[in-house]
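Below is one structure, written out as structure tokens; comments come after it.
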Amino acid sequence: MTDDIYAPEFVKGVFDRCSERYITFSWLCSFGFTERWRRQCVAAMPEPTGPAGYDLMAGTGEVWPHLLKRFPQIGQITAVDISSGMHHRAIDRLHRHRAQRIAFIEDDVFASNLPDASADFVIATFGLKTFDREQLAQFARLVARVLKPGGSFAMIEASDPKGWLLRPLYLFHLKTVLPLMERFLLRGAQDFAMIGRYSTNFGDARAFAEMLRSEHLDVRFDRYFFGCATGVSGRKPA
Ligand SMILES: C[S@@+](CC[C@H](N)C(=O)[O-])C[C@H]1O[C@@H](n2cnc3c(N)ncnc32)[C@H](O)[C@@H]1O
């Protein structure tokens with residue numbers, strides 16, 4: 001049974017309310033690491049075998065510059081996001097010069113009818129944390145279903161750096177400093193605090209890597225900066 005905070009409608013509300021300040025928040029929260037992690041996620045993705053793919057839980061499209069820089073042959077990114085706030089914000093700052101290469105679908109990925117074997121690549125940055133275990137398994141099925149044989153994928157998420165010496169300091173930052181910063185500096189404090197809660201609940205992407213393997217994908221698991229982010233990348237066998 002899906003916990004309420006993981007219900008897509010609830011998640012949509014959180015991101016609709018946060019969208020205005022999401023970019024500043026995610027940058028502040030991570031001391032700029034989110035940008036570096038997006039780039040590393042793209043660097044981990046094996047070369048797509050064709051020009052078209054999906055950015056799932058695309059938000060404001062922060063990963064597109066990295067994606068198009070590394071793979072200039074990409075001709076079409078279809079961005080899927082449930083939040084109209086994030087979606088409109090993405091259009092506003094849509095990197096206008098690349099607008100012709102971006103298509104939007106405003107949709108819940110779990111209700112989406114993206115066609116089978118329709119993507120040369122699938123990317124998702126920081127979109128896994130708002131999924132519970134059952135939804136992650138469903139998402140792994142979706143990725144395996146929409147990828148073409150030989151298609152590549154990469155996903156990254158902020159994670160709990162278990163075993164790291166400075167983990168207590170990191171958790172103090174996440175659980176105490178950030179909520180205070182959010183309360184005093186940012187509007188919609190309770191919504192930003194929810195994002196922190198999703199992140200700590202998520203753990204890391206290791207279990208998700210196994211789910212993708214059970215869908216017969218070839219998967220590599222990576223840790224970034226002592227495990228403060230973890231990611232998966234690989235291919236659907238041709
Ligand atoms: C933390 S943001 C990540 C945005 C962006 N990819 C980035 O790199 O910053 C997570 C995004 O996932 C979207 N999202 C959450 N659940 C979703 C669902 N079930 N279907 C589609 N999008 C969803 C939210 O609306 C939000 O824009």
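Identifiers for the structure tokens are assigned positionally: chains receive A, B, ... in sequence, residues are indexed from 1 per chain, and ligands are indexed from 1 in the order shown.
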
Distance table requested - region 76-137 of chain A against region 28-50 of chain A, cut-off 10 Å, only C-alpha atoms: one row per qualifying residue with the closest atom pair and its distance in Å to one decimal, ordered by chain and rising residue number, as a tab-separated table.
```
residue	atom	partner	partner_atom	distance
A:Gln76	CA	A:Gly50	CA	9.9
A:Ala119	CA	A:Gly50	CA	8.3
A:Asp120	CA	A:Gly50	CA	5.2
A:Phe121	CA	A:Pro48	CA	5.7
A:Val122	CA	A:Met45	CA	9.2
A:Ile123	CA	A:Val42	CA	8.0
A:Ala124	CA	A:Cys41	CA	8.8
A:Thr125	CA	A:Arg38	CA	6.4
A:Phe126	CA	A:Arg38	CA	8.6
```

>> Excluding region 161-167 of chain A and its own-chain neighbours fewer than 4 positions away, which residues fall within 9 Å of it when counting only C-alpha atoms? Please give them as a ChimeraX atom specification.
In response: /A:171-172,203-204,223,225-230

> Could you list, as number ranges by chain, all the residues within 7 Å of ligand 1, counting only C-alpha atoms and all ligand atoms?
Replying inline: A: 8, 11-12, 15, 38, 56-63, 80-83, 86, 107-110, 124-127, 130

Output file for the selection above: C-alpha atoms, as a tab-separated table (two decimals), in the first residue's frame:
```tsv
chain	number	residue	atom	x	y	z
A	8	PRO	CA	1.72	11.08	-7.05
A	11	VAL	CA	4.23	14.78	-4.66
A	12	LYS	CA	2.85	16.98	-7.45
A	15	PHE	CA	6.79	20.36	-6.37
A	38	ARG	CA	24.02	15.80	-13.05
A	56	LEU	CA	11.85	11.30	-16.70
A	57	MET	CA	10.86	13.45	-13.67
A	58	ALA	CA	12.54	16.19	-15.70
A	59	GLY	CA	11.63	19.09	-13.40
A	60	THR	CA	13.13	22.27	-14.76
A	61	GLY	CA	15.30	20.47	-17.28
A	62	GLU	CA	18.56	21.07	-15.46
A	63	VAL	CA	20.23	18.05	-17.02
A	80	VAL	CA	8.03	13.95	-18.56
A	81	ASP	CA	6.99	15.58	-15.27
A	82	ILE	CA	3.85	15.50	-13.16
A	83	SER	CA	4.25	19.02	-11.78
A	86	MET	CA	8.08	22.66	-12.61
A	107	ASP	CA	2.11	13.29	-16.83
A	108	ASP	CA	2.50	10.89	-13.92
A	109	VAL	CA	5.14	8.40	-15.04
A	110	PHE	CA	3.10	5.61	-13.44
A	124	ALA	CA	16.49	10.73	-14.59
A	125	THR	CA	18.25	13.07	-12.17
A	126	PHE	CA	17.04	13.40	-8.57
A	127	GLY	CA	13.61	12.00	-9.40
A	130	THR	CA	9.80	10.48	-4.06
```

> Could you pull out all residues of region 5-234 of chain A with a DSSP call of helix (DSSP H, G or I) and give them as a ChimeraX atom specification?
Replying inline: /A:5-6,8-29,33-44,64-70,84-92,96-101,109-111,133-146,167-185,189-202,206-214

Counting only C-alpha atoms, what is within 10 Å of His216 (chain A), bar same-chain residues fewer than 6 positions away, as a PDB file with N, CA, C and O atoms, in the first residue's frame?
```
ATOM      1  N   ARG A 141      10.428  -1.288 -14.226  1.00  0.00           N
ATOM      2  CA  ARG A 141       9.717  -1.979 -15.326  1.00  0.00           C
ATOM      3  C   ARG A 141       9.478  -1.016 -16.485  1.00  0.00           C
ATOM      4  O   ARG A 141       9.633  -1.370 -17.647  1.00  0.00           O
ATOM      5  N   ALA A 144      12.715  -0.418 -18.439  1.00  0.00           N
ATOM      6  CA  ALA A 144      13.045  -1.580 -19.276  1.00  0.00           C
ATOM      7  C   ALA A 144      12.087  -1.672 -20.467  1.00  0.00           C
ATOM      8  O   ALA A 144      12.489  -2.030 -21.574  1.00  0.00           O
ATOM      9  N   GLU A 210      19.297  -3.402  -8.334  1.00  0.00           N
ATOM     10  CA  GLU A 210      18.846  -4.806  -8.382  1.00  0.00           C
ATOM     11  C   GLU A 210      17.519  -4.926  -9.124  1.00  0.00           C
ATOM     12  O   GLU A 210      17.285  -5.880  -9.861  1.00  0.00           O
ATOM     13  N   ARG A 235      22.759  -0.479 -20.033  1.00  0.00           N
ATOM     14  CA  ARG A 235      22.058  -0.671 -21.311  1.00  0.00           C
ATOM     15  C   ARG A 235      21.033  -1.795 -21.206  1.00  0.00           C
ATOM     16  O   ARG A 235      21.166  -2.679 -20.360  1.00  0.00           O
ATOM     17  N   LYS A 236      20.078  -1.729 -22.121  1.00  0.00           N
ATOM     18  CA  LYS A 236      19.198  -2.871 -22.338  1.00  0.00           C
ATOM     19  C   LYS A 236      19.921  -3.730 -23.385  1.00  0.00           C
ATOM     20  O   LYS A 236      20.300  -3.214 -24.455  1.00  0.00           O
ATOM     21  N   PRO A 237      20.141  -5.023 -23.099  1.00  0.00           N
ATOM     22  CA  PRO A 237      20.887  -5.834 -24.077  1.00  0.00           C
ATOM     23  C   PRO A 237      20.219  -5.779 -25.464  1.00  0.00           C
ATOM     24  O   PRO A 237      18.997  -5.746 -25.561  1.00  0.00           O
TER      25      PRO A 237
END
```

>> Would you compute the distance between CA of Arg197 (chain A) and CA of Ile156 (chain A)? Give it in Å to one decimal.
In response: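 If I compute the distance from CA of Arg197 (chain A) to CA of Ile156 (chain A), I get 17.3 Å.
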
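Backbone DSSP over region 77-147 of chain A yields strand (DSSP E or B) at Ile77, Thr78, Ala79, Val80, Asp81, Ile102, Ala103, Phe104, Ile105, Glu106, Ala119, Asp120, Phe121, Val122, Ile123, Ala124, Thr125 and Leu147 of chain A.
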
> What lies within 9 Å of region 113-115 of chain A using only C-alpha atoms, ignoring chain neighbours under 5 positions off, as a PyMOL selection string?
Replying inline: chain A and resi 142+145-146

Those residues with C-alpha atoms, as an mmCIF file, in the first residue's frame please?
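Output saved as again_11.cif:
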```cif
data_model
loop_
_atom_site.group_PDB
_atom_site.id
_atom_site.type_symbol
_atom_site.label_atom_id
_atom_site.label_comp_id
_atom_site.auth_asym_id
_atom_site.auth_seq_id
_atom_site.Cartn_x
_atom_site.Cartn_y
_atom_site.Cartn_z
ATOM 1 C CA LEU A 142 8.849 1.243 -17.160
ATOM 2 C CA ARG A 145 9.835 -1.431 -21.301
ATOM 3 C CA VAL A 146 10.410 1.913 -23.053
#
```

>> Just to confirm, what's the straight-line distance from CA of Pro51 (chain A) to CA of Pro72 (chain A) in Å (one decimal)?
In response: 9.2 Å
